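What follows is the content of final-v5.tsv (TSV, C-alpha atoms).
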```tsv
chain	number	residue	atom	x	y	z
A	188	MET	CA	5.18	17.55	37.36
A	189	ASN	CA	3.16	19.98	35.22
A	190	LYS	CA	0.14	19.17	33.11
A	191	THR	CA	-0.57	21.39	30.10
A	192	VAL	CA	-3.76	20.95	28.10
A	193	PHE	CA	-3.94	21.90	24.41
A	194	GLU	CA	-6.97	22.18	22.18
A	195	ILE	CA	-6.04	20.93	18.69
A	196	THR	CA	-8.92	21.59	16.30
A	197	LYS	CA	-7.54	19.57	13.37
A	198	MET	CA	-6.74	16.44	15.38
A	199	ASP	CA	-9.46	14.02	14.34
A	200	CYS	CA	-7.82	10.60	13.83
A	201	PRO	CA	-4.78	8.47	14.79
A	202	SER	CA	-2.74	9.99	11.94
A	203	GLU	CA	-2.67	13.37	13.69
A	204	GLU	CA	-1.87	11.66	16.99
A	205	ASN	CA	1.16	9.93	15.43
A	206	LEU	CA	2.18	13.20	13.80
A	207	ILE	CA	2.21	14.96	17.17
A	208	ARG	CA	3.98	12.08	18.92
A	209	MET	CA	6.80	12.09	16.38
A	210	LYS	CA	7.10	15.88	16.49
A	211	LEU	CA	7.50	15.81	20.26
A	212	ASP	CA	9.73	12.73	20.27
A	213	GLY	CA	13.09	13.54	21.80
A	214	ILE	CA	11.93	16.33	24.12
A	215	SER	CA	13.28	14.97	27.40
A	216	SER	CA	11.02	17.03	29.65
A	217	ILE	CA	7.89	15.21	28.44
A	218	ALA	CA	6.82	12.40	30.77
A	219	ASN	CA	3.58	11.39	29.03
A	220	LEU	CA	1.12	12.40	26.32
A	221	ASP	CA	-2.60	11.82	26.89
A	222	PHE	CA	-4.73	12.18	23.73
A	223	ASP	CA	-8.48	12.85	23.71
A	224	ILE	CA	-9.18	12.73	19.97
A	225	PRO	CA	-13.02	12.99	20.11
A	226	ASN	CA	-12.71	16.25	22.10
A	227	ARG	CA	-9.60	17.46	20.19
A	228	ARG	CA	-7.59	17.74	23.43
A	229	LEU	CA	-4.00	16.82	24.29
A	230	SER	CA	-2.66	16.73	27.84
A	231	VAL	CA	1.12	16.96	28.12
A	232	PHE	CA	2.81	15.92	31.37
A	233	HIS	CA	6.18	17.64	31.59
A	234	THR	CA	8.86	18.71	34.06
A	235	GLU	CA	10.22	21.89	32.51
A	236	GLU	CA	8.87	25.00	30.77
A	237	ILE	CA	6.22	24.45	28.11
A	238	ASN	CA	7.71	26.89	25.56
A	239	LEU	CA	9.58	24.32	23.41
A	240	ILE	CA	6.63	21.90	23.49
A	241	GLU	CA	4.16	24.64	22.58
A	242	LYS	CA	6.37	25.83	19.71
A	243	SER	CA	6.79	22.30	18.34
A	244	ILE	CA	3.04	21.65	18.36
A	245	ALA	CA	2.32	25.02	16.72
A	246	GLU	CA	4.72	24.19	13.85
A	247	LEU	CA	2.38	21.35	12.81
A	248	ASN	CA	-0.34	23.87	11.85
A	249	LEU	CA	-3.11	21.75	13.36
A	250	GLY	CA	-4.89	24.68	15.00
A	251	ALA	CA	-3.33	24.12	18.43
A	252	LYS	CA	-4.10	26.43	21.34
A	253	LYS	CA	-2.87	26.13	24.93
A	254	ILE	CA	-5.80	25.92	27.35
A	255	SER	CA	-4.17	25.60	30.76
A	256	THR	CA	-1.10	24.57	32.75
A	257	ILE	CA	-1.42	23.16	36.26
A	258	THR	CA	0.80	21.37	38.76
A	259	THR	CA	-0.06	17.71	39.23
A	260	SER	CA	1.05	15.04	41.67
A	261	GLN	CA	0.88	12.33	39.01
A	262	THR	CA	4.37	11.07	38.25
A	263	THR	CA	3.87	7.50	36.99
A	264	PHE	CA	2.19	6.33	33.81
A	265	LYS	CA	1.53	2.72	32.90
A	266	GLU	CA	1.56	1.30	29.38
A	267	ASN	CA	-1.69	-0.35	28.41
A	268	LYS	CA	-0.58	-3.76	27.12
A	269	ASN	CA	-4.17	-4.77	26.48
A	270	GLN	CA	-4.57	-1.86	24.07
A	271	ARG	CA	-1.47	-2.90	22.13
A	272	LYS	CA	-2.74	-6.49	21.92
A	273	VAL	CA	-6.10	-5.29	20.59
A	274	LEU	CA	-4.48	-3.02	18.01
A	275	TRP	CA	-2.24	-5.88	16.86
A	276	SER	CA	-5.35	-8.03	16.35
A	277	VAL	CA	-7.08	-5.33	14.32
A	278	LEU	CA	-3.91	-4.71	12.26
A	279	VAL	CA	-3.59	-8.40	11.36
A	280	ILE	CA	-7.26	-8.69	10.36
A	281	ASN	CA	-7.01	-5.57	8.17
A	282	PHE	CA	-3.83	-6.77	6.46
A	283	VAL	CA	-5.18	-10.27	5.81
A	284	PHE	CA	-8.26	-8.81	4.15
A	285	PHE	CA	-6.10	-6.42	2.14
A	286	VAL	CA	-4.50	-9.52	0.60
A	287	VAL	CA	-7.86	-11.30	0.18
A	288	GLU	CA	-9.64	-8.34	-1.43
A	289	MET	CA	-6.72	-7.37	-3.64
A	290	THR	CA	-6.41	-10.95	-4.95
A	291	THR	CA	-10.13	-11.51	-5.53
A	292	GLY	CA	-10.53	-7.98	-6.91
A	293	LEU	CA	-7.93	-8.60	-9.60
A	294	ILE	CA	-9.36	-12.02	-10.43
A	295	SER	CA	-12.97	-10.79	-10.59
A	296	LYS	CA	-11.94	-7.53	-12.35
A	297	SER	CA	-13.64	-5.46	-9.63
A	298	MET	CA	-12.13	-2.02	-8.95
A	299	GLY	CA	-14.41	-1.71	-5.95
A	300	LEU	CA	-12.73	-4.67	-4.25
A	301	VAL	CA	-9.26	-3.46	-5.24
A	302	ALA	CA	-9.97	0.00	-3.83
A	303	ASP	CA	-11.46	-1.44	-0.64
A	304	SER	CA	-8.36	-3.59	-0.21
A	305	LEU	CA	-6.21	-0.44	-0.31
A	306	ASP	CA	-8.44	1.12	2.33
A	307	MET	CA	-7.76	-1.95	4.49
A	308	LEU	CA	-4.05	-1.48	3.81
A	309	ALA	CA	-4.29	2.20	4.80
A	310	ASP	CA	-5.75	1.22	8.18
A	311	SER	CA	-2.97	-1.35	8.62
A	312	PHE	CA	-0.39	1.37	7.97
A	313	VAL	CA	-1.98	3.71	10.53
A	314	TYR	CA	-1.80	1.05	13.23
A	315	GLY	CA	1.53	-0.34	12.04
A	316	ILE	CA	3.42	2.96	12.07
A	317	SER	CA	2.92	3.31	15.80
A	318	LEU	CA	3.29	-0.40	16.66
A	319	PHE	CA	6.30	-1.34	14.51
A	320	ALA	CA	8.26	1.80	15.35
A	321	VAL	CA	7.77	1.82	19.12
A	322	GLY	CA	11.10	2.56	20.71
A	323	GLY	CA	12.68	3.28	17.35
A	324	SER	CA	14.48	6.42	16.30
A	325	MET	CA	12.82	9.45	14.76
A	326	THR	CA	14.50	8.63	11.44
A	327	LYS	CA	13.08	5.11	11.48
A	328	LYS	CA	9.56	6.33	12.19
A	329	LYS	CA	9.71	8.94	9.43
A	330	SER	CA	11.09	6.42	6.95
A	331	ILE	CA	8.24	4.00	7.67
A	332	ALA	CA	5.67	6.77	7.29
A	333	LYS	CA	7.17	8.02	4.02
A	334	LEU	CA	7.39	4.53	2.52
A	335	SER	CA	3.81	3.75	3.55
A	336	GLY	CA	2.39	7.00	2.16
A	337	TYR	CA	4.10	6.84	-1.22
A	338	PHE	CA	3.26	3.16	-1.60
A	339	GLN	CA	-0.43	3.91	-1.06
A	340	ILE	CA	-0.43	6.84	-3.47
A	341	THR	CA	1.32	4.75	-6.14
A	342	LEU	CA	-1.26	1.98	-5.85
A	343	ALA	CA	-4.14	4.48	-5.85
A	344	ILE	CA	-2.82	6.20	-9.00
A	345	ILE	CA	-2.52	2.84	-10.77
A	346	GLY	CA	-6.10	2.17	-9.70
A	347	PHE	CA	-7.34	5.52	-11.03
A	348	VAL	CA	-5.63	4.92	-14.37
A	349	GLU	CA	-7.33	1.54	-14.64
A	350	VAL	CA	-10.71	3.08	-13.74
A	351	ILE	CA	-10.32	5.69	-16.51
A	352	ARG	CA	-9.22	3.02	-19.01
A	353	ARG	CA	-12.25	0.89	-18.22
A	354	PHE	CA	-14.65	3.83	-18.17
A	355	PHE	CA	-13.73	5.02	-21.67
A	356	GLY	CA	-12.77	1.63	-23.08
A	357	ALA	CA	-14.72	-1.50	-23.79
A	358	GLU	CA	-17.27	-2.55	-21.19
A	359	ASN	CA	-15.53	-4.77	-18.63
A	360	LEU	CA	-18.17	-6.43	-16.50
A	361	PRO	CA	-16.83	-7.50	-13.08
A	362	ASN	CA	-17.96	-10.68	-11.37
A	363	PHE	CA	-20.74	-9.28	-9.17
A	364	THR	CA	-21.03	-12.53	-7.20
A	365	THR	CA	-17.41	-12.33	-6.05
A	366	MET	CA	-17.86	-8.62	-5.27
A	367	ILE	CA	-20.81	-9.31	-3.00
A	368	TYR	CA	-19.48	-12.43	-1.28
A	369	VAL	CA	-16.00	-11.03	-0.56
A	370	SER	CA	-17.43	-7.71	0.61
A	371	ILE	CA	-19.74	-9.57	2.99
A	372	LEU	CA	-16.69	-11.38	4.39
A	373	ALA	CA	-14.86	-8.04	4.72
A	374	LEU	CA	-17.95	-6.62	6.41
A	375	ILE	CA	-17.89	-9.49	8.89
A	376	ALA	CA	-14.15	-8.96	9.46
A	377	ASN	CA	-14.66	-5.27	10.18
A	378	GLY	CA	-17.58	-6.18	12.42
A	379	ILE	CA	-15.24	-8.48	14.36
A	380	CYS	CA	-12.68	-5.66	14.59
A	381	LEU	CA	-15.34	-3.32	15.94
A	382	TYR	CA	-16.45	-5.97	18.44
A	383	ILE	CA	-12.84	-6.51	19.60
A	384	LEU	CA	-12.35	-2.77	20.05
A	385	GLN	CA	-15.63	-2.35	21.93
A	386	ARG	CA	-14.88	-5.31	24.22
A	387	SER	CA	-11.44	-3.96	25.05
A	388	LYS	CA	-10.87	-2.86	28.63
A	389	SER	CA	-9.31	0.30	27.22
A	390	LYS	CA	-12.17	1.14	24.88
A	391	GLU	CA	-12.59	4.55	26.54
A	392	GLU	CA	-9.07	5.55	25.53
A	393	ALA	CA	-9.06	8.22	22.83
A	394	HIS	CA	-6.92	6.17	20.44
A	395	MET	CA	-9.27	3.21	20.77
A	396	LYS	CA	-12.31	5.43	20.15
A	397	ALA	CA	-10.64	6.80	17.02
A	398	SER	CA	-9.91	3.24	15.88
A	399	MET	CA	-13.59	2.39	16.28
A	400	ILE	CA	-14.48	5.39	14.09
A	401	PHE	CA	-12.03	4.13	11.45
A	402	THR	CA	-13.57	0.66	11.53
A	403	SER	CA	-17.12	2.03	11.38
A	404	ASN	CA	-16.19	3.96	8.22
A	405	ASP	CA	-14.80	0.74	6.71
A	406	ILE	CA	-18.13	-0.97	7.32
A	407	ILE	CA	-19.87	1.79	5.35
A	408	ILE	CA	-17.41	1.25	2.47
A	409	ASN	CA	-18.05	-2.51	2.53
A	410	LEU	CA	-21.78	-1.85	2.25
A	411	GLY	CA	-21.06	0.49	-0.68
A	412	VAL	CA	-19.21	-2.25	-2.57
A	413	ILE	CA	-22.05	-4.70	-1.89
A	414	VAL	CA	-24.58	-2.22	-3.29
A	415	ALA	CA	-22.31	-1.66	-6.31
A	416	GLY	CA	-22.22	-5.42	-6.90
A	417	ILE	CA	-26.02	-5.59	-6.83
A	418	LEU	CA	-26.23	-2.67	-9.29
A	419	VAL	CA	-23.68	-4.33	-11.61
A	420	ASN	CA	-25.98	-7.34	-11.84
A	421	TRP	CA	-29.17	-5.30	-12.08
A	422	LEU	CA	-27.94	-2.83	-14.71
A	423	ASN	CA	-25.59	-5.30	-16.45
A	424	SER	CA	-22.97	-2.55	-16.36
A	425	GLY	CA	-19.55	-2.15	-14.77
A	426	LYS	CA	-20.08	1.57	-14.09
A	427	PRO	CA	-21.30	1.16	-10.45
A	428	ASP	CA	-18.12	-0.78	-9.68
A	429	LEU	CA	-15.97	1.97	-11.22
A	430	ILE	CA	-17.84	4.68	-9.30
A	431	ILE	CA	-17.44	3.02	-5.89
A	432	GLY	CA	-13.81	2.23	-6.75
A	433	SER	CA	-13.12	5.89	-7.56
A	434	VAL	CA	-14.70	7.08	-4.31
A	435	VAL	CA	-12.63	4.69	-2.21
A	436	PHE	CA	-9.43	5.51	-4.13
A	437	ILE	CA	-9.98	9.17	-3.21
A	438	LEU	CA	-10.30	8.20	0.45
A	439	VAL	CA	-7.11	6.14	0.19
A	440	VAL	CA	-5.18	9.09	-1.28
A	441	GLN	CA	-6.43	11.39	1.46
A	442	GLY	CA	-5.24	8.87	4.04
A	443	ALA	CA	-1.87	8.58	2.29
A	444	PHE	CA	-1.28	12.34	2.48
A	445	ARG	CA	-2.02	12.22	6.19
A	446	ILE	CA	0.54	9.48	6.60
A	447	LEU	CA	3.10	11.47	4.58
A	448	LYS	CA	2.71	14.34	7.02
A	449	LEU	CA	4.28	12.02	9.59
A	450	SER	CA	7.49	11.85	7.57
A	451	LYS	CA	8.13	15.60	7.52
```

Write the structure described by the file as structure tokens, please.
Amino acid sequence: MNKTVFEITKMDCPSEENLIRMKLDGISSIANLDFDIPNRRLSVFHTEEINLIEKSIAELNLGAKKISTITTSQTTFKENKNQRKVLWSVLVINFVFFVVEMTTGLISKSMGLVADSLDMLADSFVYGISLFAVGGSMTKKKSIAKLSGYFQITLAIIGFVEVIRRFFGAENLPNFTTMIYVSILALIANGICLYILQRSKSKEEAHMKASMIFTSNDIIINLGVIVAGILVNWLNSGKPDLIIGSVVFILVVQGAFRILKLSK
């Protein structure tokens, strides 16, 4: 068994990990892929020459560079069932709060809550692509990624149009109380997700560390919506809600384009 280590400078979240996994899917010589996202490293355990693997990774244009190839005695790799269970828990929590925030956002007329719900949905997609498509064909994985990406972009565009309509139209004051209360609940939910990830026995795994970074960013967004709700009440204006909504919509679109890269 050979172990080849790559440095991949543009690999900074689970989206790039899934992109690489799907690109290398089907190469029979690969026994295991070990991702170290914080350090931008990928270790490939393989039985044959590295040329095809190296070429496939290079085609992704993620700044990949081969560091070393050594012979290793490691021939068995165990699946971490605990990690899958943890990721399922985080996926369910994110999706439930996507529904909660989308519903309350529409009722309270808050674009901040609507945008934050899409961010929750984006995280669900990132986890779901790898979990739902495990063992599936390359075509199935790409179809899921493409559907997820375009769905997110469509929702984000609708959101942007509504933001512009409200910004230049009549003042539409959102219910700041609902904004604050629901965002606090979302903040608690993300805090629970972070706690689950940190308590996991596999928390040192690169994918789990990346998931914790994702969840930490969500907490910052939740705090942003809470602040926007306070400003809506203080200024008696819907502009803070529109501003935070626009910022989160941009983040959602960026995440959607990353997901779409998985379908190519």

Query - Residue contacts of Leu249 of chain A (8 Å, all atoms listed in the file) excluding same-chain residues fewer than 5 positions away, as a list in words - result: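 The residues satisfying every condition are Ile195, Thr196, Lys197, Met198 and Ile244 of chain A.
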
Report task. For each of A:Leu422, A:Val273, A:Leu360, A:Ala443, take the minimum atom-to-atom distance to Ile379 of chain A, counting only C-alpha atoms, then give the residue where this is smallest. Result ->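 Ranked by minimum distance to Ile379 of chain A, first place goes to A:Val273.
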
Query raised in the report: In Å, with one decimal, what is the gap from atom CA of Trp421 of chain A to atom CA of Leu372 of chain A?
Result: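 If I compute the distance from atom CA of Trp421 of chain A to atom CA of Leu372 of chain A, I get 21.5 Å.
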
Query raised in the report: How many Å separate atom CA of Thr364 of chain A from atom CA of Phe285 of chain A?
Result: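 Between atom CA of Thr364 of chain A and atom CA of Phe285 of chain A the gap works out to 18.6 Å.
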
Query raised in the report: So which residues touch Asn409 of chain A within 12 Å, counting all atoms listed in the file, skipping near sequence neighbours fewer than 5 positions away, as a ChimeraX atom specification?
Result: /A:284,288,299-304,306-307,366-378,402-404,414-416,431-432,435

Query raised in the report: Out of A:Ile240, A:Leu447, A:Ala251, A:Ile437, which residue has the shortest atom-to-atom distance to Ala343 of chain A when counting all atoms listed in the file?
Result: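 The answer is A:Ile437, which sits nearest to Ala343 of chain A.
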
Query - Shell around Gly425 of chain A at 7 Å using all atoms listed in the file, local window under 4 positions removed, as a list in words - result: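 The residues that qualify are Glu358, Asn359, Leu360, Pro361, Val419 and Leu429 of chain A.
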
**Report entry** Pick from A:Leu342, A:Gly315, A:Asn248, A:Ser243 nearest to Met289 of chain A, counting all atoms listed in the file
**Finding:**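 Of A:Leu342, A:Gly315, A:Asn248, A:Ser243, the one nearest Met289 of chain A, counting all atoms listed in the file, is A:Leu342.
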
Query raised in the report: Which of these, A:Leu206, A:Ile254, A:Ile351, A:Val192, has the shortest distance to Val231 of chain A once you count all atoms listed in the file?
Result: A:Val192

Query raised in the report: Hey, which of A:Asn238, A:Gln339, A:Asn189, A:Ser311 ends up closest to Val279 of chain A? Count all atoms listed in the file.
Result: A:Ser311

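All protein, DNA and RNA residues at most 12 Å from (2.9, 15.2, 39.0) are Met188, Asn189, Lys190, Thr191, Ile217, Ala218, Asn219, Val231, Phe232, His233, Thr234, Glu235, Thr256, Ile257, Thr258, Thr259, Ser260, Gln261, Thr262, Thr263 and Phe264 of chain A, using all atoms listed in the file.
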
Report task. Would you mind reading off the distance between atom CA of Ser215 of chain A and atom CA of Arg445 of chain A, one decimal, in Å? Result ->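 Rounded to one decimal, the two atoms are 26.3 Å apart.
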
Query - Nearest residue to Val440 of chain A from the set A:Leu308, A:Lys272, A:Leu239, A:Asp221 (distances using only C-alpha atoms) - result: A:Leu308

Query - Spatial neighbours of Glu204 of chain A, max dist 8 Å, all atoms listed in the file, sep filter under 4 positions, as a PyMOL selection string - result: chain A and resi 198+200+208+222+224
